$ cat upload.cif   # mmCIF, C-alpha atoms
data_model
loop_
_atom_site.group_PDB
_atom_site.id
_atom_site.type_symbol
_atom_site.label_atom_id
_atom_site.label_comp_id
_atom_site.auth_asym_id
_atom_site.auth_seq_id
_atom_site.Cartn_x
_atom_site.Cartn_y
_atom_site.Cartn_z
ATOM 1 C CA MET A 1 -70.676 69.390 -64.660
ATOM 2 C CA SER A 2 -74.404 69.529 -63.935
ATOM 3 C CA VAL A 3 -75.856 71.483 -61.042
ATOM 4 C CA LEU A 4 -77.193 68.234 -59.545
ATOM 5 C CA GLY A 5 -73.792 66.620 -59.734
ATOM 6 C CA GLY A 6 -72.255 69.675 -58.089
ATOM 7 C CA HIS A 7 -74.636 69.512 -55.128
ATOM 8 C CA ASP A 8 -74.069 65.785 -54.745
ATOM 9 C CA GLY A 9 -70.343 66.297 -54.707
ATOM 10 C CA MET A 10 -70.635 69.022 -52.101
ATOM 11 C CA ARG A 11 -72.732 66.706 -49.875
ATOM 12 C CA ARG A 12 -70.136 63.939 -50.164
ATOM 13 C CA TYR A 13 -67.359 66.397 -49.351
ATOM 14 C CA GLY A 14 -69.245 67.786 -46.326
ATOM 15 C CA THR A 15 -69.972 64.306 -45.006
ATOM 16 C CA ALA A 16 -66.381 63.193 -45.334
ATOM 17 C CA HIS A 17 -65.102 66.446 -43.829
ATOM 18 C CA GLY A 18 -67.524 66.150 -40.887
ATOM 19 C CA SER A 19 -66.477 62.548 -40.286
ATOM 20 C CA ARG A 20 -62.806 63.554 -40.163
ATOM 21 C CA ASN A 21 -63.669 66.337 -37.649
ATOM 22 C CA ALA A 22 -65.662 63.901 -35.489
ATOM 23 C CA ASP A 23 -62.799 61.387 -35.574
ATOM 24 C CA ALA A 24 -60.345 64.083 -34.565
ATOM 25 C CA SER A 25 -62.591 65.183 -31.669
ATOM 26 C CA LEU A 26 -62.846 61.592 -30.436
ATOM 27 C CA ILE A 27 -59.070 61.206 -30.610
ATOM 28 C CA ASP A 28 -58.584 64.438 -28.629
ATOM 29 C CA ALA A 29 -61.113 63.341 -26.009
ATOM 30 C CA ALA A 30 -59.772 59.793 -25.711
ATOM 31 C CA PRO A 31 -57.423 60.419 -22.718
ATOM 32 C CA GLY A 32 -60.200 62.069 -20.719
ATOM 33 C CA LEU A 33 -62.706 59.343 -21.554
ATOM 34 C CA ALA A 34 -60.231 56.662 -20.608
ATOM 35 C CA LYS A 35 -59.568 58.368 -17.264
ATOM 36 C CA LEU A 36 -63.297 58.673 -16.569
ATOM 37 C CA ALA A 37 -63.870 55.023 -17.442
ATOM 38 C CA ALA A 38 -60.989 53.920 -15.219
ATOM 39 C CA THR A 39 -62.322 55.966 -12.284
ATOM 40 C CA GLY A 40 -65.791 54.499 -12.711
ATOM 41 C CA CYS A 41 -64.426 50.971 -12.908
ATOM 42 C CA ALA A 42 -62.364 51.515 -9.757
ATOM 43 C CA ARG A 43 -65.428 52.697 -7.858
ATOM 44 C CA ILE A 44 -67.475 49.743 -9.074
ATOM 45 C CA VAL A 45 -64.745 47.304 -8.074
ATOM 46 C CA THR A 46 -64.439 48.911 -4.615
ATOM 47 C CA TRP A 47 -68.199 48.718 -4.071
ATOM 48 C CA ALA A 48 -68.310 45.117 -5.311
ATOM 49 C CA VAL A 49 -65.494 44.007 -3.010
ATOM 50 C CA ASP A 50 -67.059 45.733 0.003
ATOM 51 C CA THR A 51 -70.477 44.229 -0.728
ATOM 52 C CA THR A 52 -69.026 40.755 -1.279
ATOM 53 C CA VAL A 53 -67.074 40.861 1.975
ATOM 54 C CA GLN A 54 -70.071 42.018 4.034
ATOM 55 C CA THR A 55 -72.442 39.537 2.395
ATOM 56 C CA GLY A 56 -69.940 36.726 2.845
ATOM 57 C CA THR A 57 -69.442 37.595 6.511
ATOM 58 C CA ARG A 58 -73.167 37.370 7.131
ATOM 59 C CA ALA A 59 -73.370 34.067 5.271
ATOM 60 C CA VAL A 60 -70.640 32.624 7.494
ATOM 61 C CA VAL A 61 -72.418 33.824 10.637
ATOM 62 C CA SER A 62 -75.715 32.330 9.427
ATOM 63 C CA ALA A 63 -74.026 29.034 8.540
ATOM 64 C CA VAL A 64 -72.503 28.807 12.008
ATOM 65 C CA ASN A 65 -75.969 29.369 13.466
ATOM 66 C CA GLY A 66 -77.280 26.379 11.480
ATOM 67 C CA ALA A 67 -79.103 28.047 8.568
ATOM 68 C CA ALA A 68 -80.019 25.817 5.612
ATOM 69 C CA PRO A 69 -77.838 26.127 2.447
ATOM 70 C CA THR A 70 -80.871 27.067 0.324
ATOM 71 C CA ARG A 71 -81.811 29.831 2.718
ATOM 72 C CA LEU A 72 -78.212 31.058 2.746
ATOM 73 C CA ALA A 73 -78.205 31.361 -1.049
ATOM 74 C CA GLN A 74 -81.554 33.178 -1.074
ATOM 75 C CA ASP A 75 -80.453 35.614 1.618
ATOM 76 C CA ALA A 76 -77.162 36.325 -0.147
ATOM 77 C CA ALA A 77 -78.933 36.952 -3.458
ATOM 78 C CA SER A 78 -81.505 39.246 -1.833
ATOM 79 C CA GLU A 79 -78.752 41.165 -0.051
ATOM 80 C CA LEU A 80 -76.841 41.732 -3.290
ATOM 81 C CA VAL A 81 -79.995 42.930 -5.066
ATOM 82 C CA VAL A 82 -80.841 45.389 -2.285
ATOM 83 C CA ARG A 83 -77.295 46.714 -2.100
ATOM 84 C CA THR A 84 -77.182 47.161 -5.874
ATOM 85 C CA ARG A 85 -80.454 49.106 -5.857
ATOM 86 C CA ARG A 86 -79.203 51.150 -2.932
ATOM 87 C CA ALA A 87 -75.949 51.977 -4.725
ATOM 88 C CA LEU A 88 -77.894 53.058 -7.816
ATOM 89 C CA GLY A 89 -80.265 55.165 -5.682
ATOM 90 C CA ALA A 90 -83.376 53.256 -6.758
ATOM 91 C CA SER A 91 -86.168 51.626 -4.769
ATOM 92 C CA GLU A 92 -88.032 48.382 -5.525
ATOM 93 C CA GLU A 93 -90.308 50.251 -7.914
ATOM 94 C CA GLY A 94 -87.353 51.854 -9.700
ATOM 95 C CA GLN A 95 -87.982 55.279 -8.179
ATOM 96 C CA VAL A 96 -85.124 57.464 -7.042
ATOM 97 C CA ARG A 97 -84.221 57.214 -3.369
ATOM 98 C CA LYS A 98 -84.041 60.367 -1.287
ATOM 99 C CA LEU A 99 -80.490 61.624 -0.887
ATOM 100 C CA PRO A 100 -79.249 64.065 1.786
ATOM 101 C CA GLY A 101 -80.314 67.604 0.961
ATOM 102 C CA ARG A 102 -82.731 66.535 -1.813
ATOM 103 C CA SER A 103 -86.512 66.528 -1.769
ATOM 104 C CA VAL A 104 -87.129 63.311 -3.740
ATOM 105 C CA SER A 105 -89.825 61.023 -2.388
ATOM 106 C CA VAL A 106 -89.093 57.414 -1.475
ATOM 107 C CA HIS A 107 -91.399 54.413 -1.783
ATOM 108 C CA CYS A 108 -89.901 51.289 -0.232
ATOM 109 C CA SER A 109 -91.392 47.841 -0.497
ATOM 110 C CA ALA A 110 -91.989 45.633 2.529
ATOM 111 C CA GLU A 111 -89.056 43.457 1.467
ATOM 112 C CA GLU A 112 -86.670 46.390 1.370
ATOM 113 C CA LEU A 113 -87.922 47.722 4.711
ATOM 114 C CA ARG A 114 -87.287 44.325 6.301
ATOM 115 C CA SER A 115 -83.843 44.246 4.721
ATOM 116 C CA ARG A 116 -83.028 47.663 6.137
ATOM 117 C CA GLY A 117 -84.302 46.573 9.539
ATOM 118 C CA ALA A 118 -82.109 43.480 9.362
ATOM 119 C CA GLU A 119 -79.188 45.729 8.459
ATOM 120 C CA LEU A 120 -79.733 47.746 11.653
ATOM 121 C CA LEU A 121 -79.895 44.598 13.774
ATOM 122 C CA TYR A 122 -76.726 43.291 12.150
ATOM 123 C CA ARG A 123 -74.892 46.555 12.791
ATOM 124 C CA SER A 124 -76.049 46.609 16.410
ATOM 125 C CA ALA A 125 -74.494 43.155 16.919
ATOM 126 C CA ASP A 126 -71.276 44.006 15.073
ATOM 127 C CA VAL A 127 -68.669 45.108 17.637
ATOM 128 C CA ARG A 128 -66.627 46.681 14.829
ATOM 129 C CA CYS A 129 -69.444 49.084 13.949
ATOM 130 C CA THR A 130 -69.354 52.432 15.765
ATOM 131 C CA GLU A 131 -72.278 54.841 15.688
ATOM 132 C CA GLY A 132 -72.015 58.623 15.827
ATOM 133 C CA MET A 133 -74.914 60.949 16.521
ATOM 134 C CA HIS A 134 -78.506 59.829 16.081
ATOM 135 C CA PRO A 135 -79.423 59.760 12.361
ATOM 136 C CA ALA A 136 -82.599 61.798 13.015
ATOM 137 C CA TYR A 137 -80.736 64.851 14.309
ATOM 138 C CA GLU A 138 -79.887 66.202 10.858
ATOM 139 C CA ARG A 139 -83.519 65.923 9.753
ATOM 140 C CA ILE A 140 -84.748 67.567 12.974
ATOM 141 C CA LEU A 141 -82.512 70.578 12.395
ATOM 142 C CA ASP A 142 -84.291 71.057 9.055
ATOM 143 C CA GLU A 143 -87.727 70.841 10.733
ATOM 144 C CA ILE A 144 -87.406 73.326 13.585
ATOM 145 C CA ALA A 145 -87.585 77.110 13.459
ATOM 146 C CA PRO A 146 -84.867 79.379 14.906
ATOM 147 C CA ASP A 147 -87.225 80.345 17.737
ATOM 148 C CA GLU A 148 -87.739 76.664 18.533
ATOM 149 C CA ALA A 149 -83.975 76.234 18.880
ATOM 150 C CA ARG A 150 -84.063 79.024 21.462
ATOM 151 C CA ILE A 151 -86.847 77.252 23.368
ATOM 152 C CA LEU A 152 -84.842 74.026 23.405
ATOM 153 C CA ARG A 153 -81.807 75.861 24.694
ATOM 154 C CA LEU A 154 -83.868 77.447 27.488
ATOM 155 C CA LEU A 155 -85.210 74.058 28.585
ATOM 156 C CA ALA A 156 -81.753 72.481 28.413
ATOM 157 C CA VAL A 157 -80.082 75.233 30.443
ATOM 158 C CA ARG A 158 -82.811 76.195 32.924
ATOM 159 C CA GLY A 159 -84.873 73.038 33.188
ATOM 160 C CA ALA A 160 -88.646 72.540 33.183
ATOM 161 C CA GLN A 161 -90.835 75.615 32.651
ATOM 162 C CA PRO A 162 -94.256 76.322 34.242
ATOM 163 C CA THR A 163 -97.469 76.313 32.177
ATOM 164 C CA VAL A 164 -100.992 77.393 33.070
ATOM 165 C CA ASP A 165 -104.329 76.210 31.675
ATOM 166 C CA VAL A 166 -107.337 78.484 32.135
ATOM 167 C CA ARG A 167 -110.728 76.783 32.553
ATOM 168 C CA THR A 168 -114.268 77.878 33.276
ATOM 169 C CA GLY A 169 -115.348 77.204 36.856
ATOM 170 C CA ARG A 170 -118.013 74.596 37.649
ATOM 171 C CA PRO A 171 -118.951 72.909 40.923
ATOM 172 C CA PHE A 172 -116.452 70.117 41.608
ATOM 173 C CA GLY A 173 -114.940 70.775 38.171
ATOM 174 C CA VAL A 174 -117.767 68.922 36.411
ATOM 175 C CA GLY A 175 -118.469 70.388 32.968
ATOM 176 C CA SER A 176 -115.459 72.726 33.143
ATOM 177 C CA GLU A 177 -114.346 73.987 29.724
ATOM 178 C CA LEU A 178 -110.832 74.762 28.567
ATOM 179 C CA VAL A 179 -110.420 78.431 27.622
ATOM 180 C CA ALA A 180 -106.633 78.684 27.133
ATOM 181 C CA GLU A 181 -104.028 75.919 27.167
ATOM 182 C CA ARG A 182 -100.385 75.810 28.217
ATOM 183 C CA MET A 183 -99.880 79.534 28.649
ATOM 184 C CA SER A 184 -96.353 80.335 29.752
ATOM 185 C CA MET A 185 -93.456 82.744 29.587
ATOM 186 C CA ILE A 186 -91.315 80.365 27.552
ATOM 187 C CA GLY A 187 -91.399 82.595 24.479
ATOM 188 C CA GLN A 188 -90.297 85.668 26.419
ATOM 189 C CA GLU A 189 -87.749 83.847 28.557
ATOM 190 C CA SER A 190 -86.079 82.202 25.577
ATOM 191 C CA GLY A 191 -85.996 85.406 23.527
ATOM 192 C CA CYS A 192 -88.288 84.242 20.724
ATOM 193 C CA ARG A 193 -88.764 86.703 17.893
ATOM 194 C CA TYR A 194 -92.394 85.627 17.405
ATOM 195 C CA VAL A 195 -93.662 85.162 20.944
ATOM 196 C CA GLU A 196 -97.260 84.696 19.749
ATOM 197 C CA ARG A 197 -96.198 81.447 18.042
ATOM 198 C CA THR A 198 -94.945 79.832 21.243
ATOM 199 C CA GLY A 199 -97.864 77.390 21.416
ATOM 200 C CA ALA A 200 -97.270 76.209 17.847
ATOM 201 C CA TYR A 201 -93.535 75.938 18.519
ATOM 202 C CA LEU A 202 -94.140 73.688 21.518
ATOM 203 C CA ASN A 203 -96.533 71.513 19.519
ATOM 204 C CA ASN A 204 -93.910 70.988 16.817
ATOM 205 C CA LEU A 205 -91.211 70.155 19.362
ATOM 206 C CA PHE A 206 -93.601 67.661 20.944
ATOM 207 C CA ARG A 207 -94.269 66.136 17.514
ATOM 208 C CA LEU A 208 -90.540 65.621 17.048
ATOM 209 C CA GLY A 209 -90.234 63.921 20.435
ATOM 210 C CA LEU A 210 -88.046 66.640 21.943
ATOM 211 C CA VAL A 211 -90.384 67.924 24.695
ATOM 212 C CA TRP A 212 -93.247 66.527 26.767
ATOM 213 C CA PHE A 213 -96.078 68.158 28.700
ATOM 214 C CA SER A 214 -96.505 67.110 32.301
ATOM 215 C CA SER A 215 -98.962 67.681 35.126
ATOM 216 C CA GLU A 216 -95.958 67.795 37.472
ATOM 217 C CA LYS A 217 -95.572 71.211 39.082
ATOM 218 C CA VAL A 218 -92.488 73.347 39.507
ATOM 219 C CA GLU A 219 -91.941 75.889 42.306
ATOM 220 C CA PRO A 220 -95.275 77.597 43.202
ATOM 221 C CA GLY A 221 -93.824 81.095 42.945
ATOM 222 C CA ARG A 222 -93.052 80.636 39.269
ATOM 223 C CA TYR A 223 -96.754 80.218 38.432
ATOM 224 C CA GLN A 224 -97.579 83.565 39.973
ATOM 225 C CA VAL A 225 -95.360 85.284 37.407
ATOM 226 C CA VAL A 226 -97.237 83.552 34.581
ATOM 227 C CA GLU A 227 -100.716 84.276 35.972
ATOM 228 C CA VAL A 228 -100.177 88.059 36.004
ATOM 229 C CA GLN A 229 -99.327 88.174 32.286
ATOM 230 C CA PRO A 230 -101.851 90.119 30.135
ATOM 231 C CA ALA A 231 -102.750 87.082 27.994
ATOM 232 C CA VAL A 232 -103.568 84.990 31.064
ATOM 233 C CA ILE A 233 -105.601 87.801 32.655
ATOM 234 C CA GLU A 234 -107.597 88.139 29.416
ATOM 235 C CA ALA A 235 -108.248 84.397 29.343
ATOM 236 C CA MET A 236 -109.421 84.530 32.963
ATOM 237 C CA ARG A 237 -111.824 87.333 32.073
ATOM 238 C CA ARG A 238 -113.271 85.292 29.198
ATOM 239 C CA ALA A 239 -113.651 82.271 31.473
ATOM 240 C CA GLY A 240 -115.985 84.170 33.799
ATOM 241 C CA ARG A 241 -116.192 84.858 37.505
ATOM 242 C CA SER A 242 -115.482 81.284 38.581
ATOM 243 C CA ALA A 243 -112.454 80.817 36.335
ATOM 244 C CA SER A 244 -109.743 78.481 37.549
ATOM 245 C CA THR A 245 -106.169 77.681 36.580
ATOM 246 C CA VAL A 246 -104.467 74.311 36.248
ATOM 247 C CA HIS A 247 -100.706 74.211 36.716
ATOM 248 C CA GLY A 248 -98.384 72.043 34.646
ATOM 249 C CA SER A 249 -94.916 72.112 33.119
ATOM 250 C CA VAL A 250 -92.896 71.543 29.945
ATOM 251 C CA HIS A 251 -89.793 69.313 30.025
ATOM 252 C CA LEU A 252 -87.188 68.082 27.624
ATOM 253 C CA THR A 253 -87.390 64.375 26.868
ATOM 254 C CA ALA A 254 -84.241 62.271 27.194
ATOM 255 C CA PHE A 255 -84.069 62.328 23.397
ATOM 256 C CA GLY A 256 -84.450 66.117 23.405
ATOM 257 C CA LEU A 257 -81.741 66.543 26.024
ATOM 258 C CA ASP A 258 -79.311 64.477 23.979
ATOM 259 C CA PHE A 259 -80.258 66.420 20.841
ATOM 260 C CA CYS A 260 -79.514 69.708 22.599
ATOM 261 C CA SER A 261 -76.178 68.497 23.966
ATOM 262 C CA VAL A 262 -75.097 67.382 20.475
ATOM 263 C CA CYS A 263 -76.571 70.069 18.233
ATOM 264 C CA LEU A 264 -76.909 73.295 20.257
ATOM 265 C CA PRO A 265 -74.331 75.532 21.971
ATOM 266 C CA LEU A 266 -75.457 75.443 25.600
ATOM 267 C CA ASP A 267 -72.664 77.448 27.199
ATOM 268 C CA GLY A 268 -72.166 81.141 26.598
ATOM 269 C CA PRO A 269 -74.547 83.750 25.192
ATOM 270 C CA VAL A 270 -76.612 83.113 22.073
ATOM 271 C CA ARG A 271 -75.340 85.037 19.049
ATOM 272 C CA SER A 272 -77.890 87.701 18.096
#
$ encode --input "upload.cif" --output "structure tokens"
Amino acid sequence: MSVLGGHDGMRRYGTAHGSRNADASLIDAAPGLAKLAATGCARIVTWAVDTTVQTGTRAVVSAVNGAAPTRLAQDAASELVVRTRRALGASEEGQVRKLPGRSVSVHCSAEELRSRGAELLYRSADVRCTEGMHPAYERILDEIAPDEARILRLLAVRGAQPTVDVRTGRPFGVGSELVAERMSMIGQESGCRYVERTGAYLNNLFRLGLVWFSSEKVEPGRYQVVEVQPAVIEAMRRAGRSASTVHGSVHLTAFGLDFCSVCLPLDGPVRS
């Protein structure tokens, strides 16, 4: 037998042997693959039934309200498309939707935004739909610092806190300049680790809609404690001989109060 014929025979043997091994592997894996396929099919069927029922319910409600048959068909088709994209985690442009705990950007089209808005309105009118906590609370917990949680707890437990603005003095206040804004003892009173960041903390909490700054005053004696703090005295020195102070306060918003009652332990000492 020639060398060439020997190599060709070896190749044919290896190919046949590899095919038998691959077939055996497929046979061994068949039960697992069948189970996986069955599970996937069950999930798809469950999703399809749920989507069909909800879409059909809306169609019936729209028909009762006098919607045209053509419009009903268009709305049902659009709803199925949106729900399919949502189930697959894709937006109108085919990009991946943001999932809880993942930092994937989302780009929704105007059509999808309107569909999601309609979904909210439908749920608000559905007496069978019960809502838990506000959906923004989980995101807010990811966007506040530990010190900011302490500030929120202070405001929730002890109420509004005094703030002091330091301004340069001018006759009748005309041309007065702001030297220091919203100085307080909130950082110290709440036990912040980084007291010097209190101003930035308050700005972030305001951005999130949890606190608001007011010109309303609290008890006069509480401002005296703030005005003798070293930072306020230094600001008064920089403002000059005619320096003046403007009293205000920081409050929780109604949204912030509800956030604290749901997400923060308000009774008992804070764990250090």
$ atom_distance --input "upload.cif" --atom1 "atom CA of Val157 of chain A" --atom2 "atom CA of Pro135 of chain A"
23.8 Å
$ residues_near_point --input "upload.cif" --point "(-93.3, 67.5, 37.9)" --cutoff "9 Å" --atoms "all atoms listed in the file" --output "ChimeraX atom specification"
/A:160,214-218,248-251
$ resolve_selection --input "upload.cif" --expression "the PyMOL selection byres ((chain A and resi 262) around 12)" --output "PyMOL selection string"
chain A and resi 132-138+141+153+156+255-261+263-266
$ write_last_selection --input "upload.cif" --atoms "C-alpha atoms" --output "CSV table (one decimal), in the coordinates of the input"
chain,number,residue,atom,x,y,z
A,132,GLY,CA,-72.0,58.6,15.8
A,133,MET,CA,-74.9,60.9,16.5
A,134,HIS,CA,-78.5,59.8,16.1
A,135,PRO,CA,-79.4,59.8,12.4
A,136,ALA,CA,-82.6,61.8,13.0
A,137,TYR,CA,-80.7,64.9,14.3
A,138,GLU,CA,-79.9,66.2,10.9
A,141,LEU,CA,-82.5,70.6,12.4
A,153,ARG,CA,-81.8,75.9,24.7
A,156,ALA,CA,-81.8,72.5,28.4
A,255,PHE,CA,-84.1,62.3,23.4
A,256,GLY,CA,-84.4,66.1,23.4
A,257,LEU,CA,-81.7,66.5,26.0
A,258,ASP,CA,-79.3,64.5,24.0
A,259,PHE,CA,-80.3,66.4,20.8
A,260,CYS,CA,-79.5,69.7,22.6
A,261,SER,CA,-76.2,68.5,24.0
A,263,CYS,CA,-76.6,70.1,18.2
A,264,LEU,CA,-76.9,73.3,20.3
A,265,PRO,CA,-74.3,75.5,22.0
A,266,LEU,CA,-75.5,75.4,25.6
$ atom_distance --input "upload.cif" --atom1 "atom CA of Val195 of chain A" --atom2 "atom CA of Ala239 of chain A"
22.8 Å
$ residues_near_point --input "upload.cif" --point "(-92.9, 70.5, 13.6)" --cutoff "10 Å" --atoms "all atoms listed in the file" --output "ChimeraX atom specification"
/A:140,142-145,148,200-209
$ write_last_selection --input "upload.cif" --atoms "C-alpha atoms" --output "PDB file, in the frame of the given file"
ATOM      1  CA  ILE A 140     -84.748  67.567  12.974  1.00  0.00           C
ATOM      2  CA  ASP A 142     -84.291  71.057   9.055  1.00  0.00           C
ATOM      3  CA  GLU A 143     -87.727  70.841  10.733  1.00  0.00           C
ATOM      4  CA  ILE A 144     -87.406  73.326  13.585  1.00  0.00           C
ATOM      5  CA  ALA A 145     -87.585  77.110  13.459  1.00  0.00           C
ATOM      6  CA  GLU A 148     -87.739  76.664  18.533  1.00  0.00           C
ATOM      7  CA  ALA A 200     -97.270  76.209  17.847  1.00  0.00           C
ATOM      8  CA  TYR A 201     -93.535  75.938  18.519  1.00  0.00           C
ATOM      9  CA  LEU A 202     -94.140  73.688  21.518  1.00  0.00           C
ATOM     10  CA  ASN A 203     -96.533  71.513  19.519  1.00  0.00           C
ATOM     11  CA  ASN A 204     -93.910  70.988  16.817  1.00  0.00           C
ATOM     12  CA  LEU A 205     -91.211  70.155  19.362  1.00  0.00           C
ATOM     13  CA  PHE A 206     -93.601  67.661  20.944  1.00  0.00           C
ATOM     14  CA  ARG A 207     -94.269  66.136  17.514  1.00  0.00           C
ATOM     15  CA  LEU A 208     -90.540  65.621  17.048  1.00  0.00           C
ATOM     16  CA  GLY A 209     -90.234  63.921  20.435  1.00  0.00           C
TER      17      GLY A 209
END
$ resolve_selection --input "upload.cif" --expression "the PyMOL selection byres ((chain A and resi 165) around 8)" --output "list of chain:residue names"
A:Thr163, A:Val164, A:Val166, A:Arg167, A:Leu178, A:Val179, A:Ala180, A:Glu181, A:Arg182, A:Met183, A:Thr245, A:Val246, A:His247, A:Gly248
$ resolve_selection --input "upload.cif" --expression "the PyMOL selection byres ((chain A and resi 147) around 9)" --output "PyMOL selection string"
chain A and resi 144-146+148-152+187+190-195+198+201
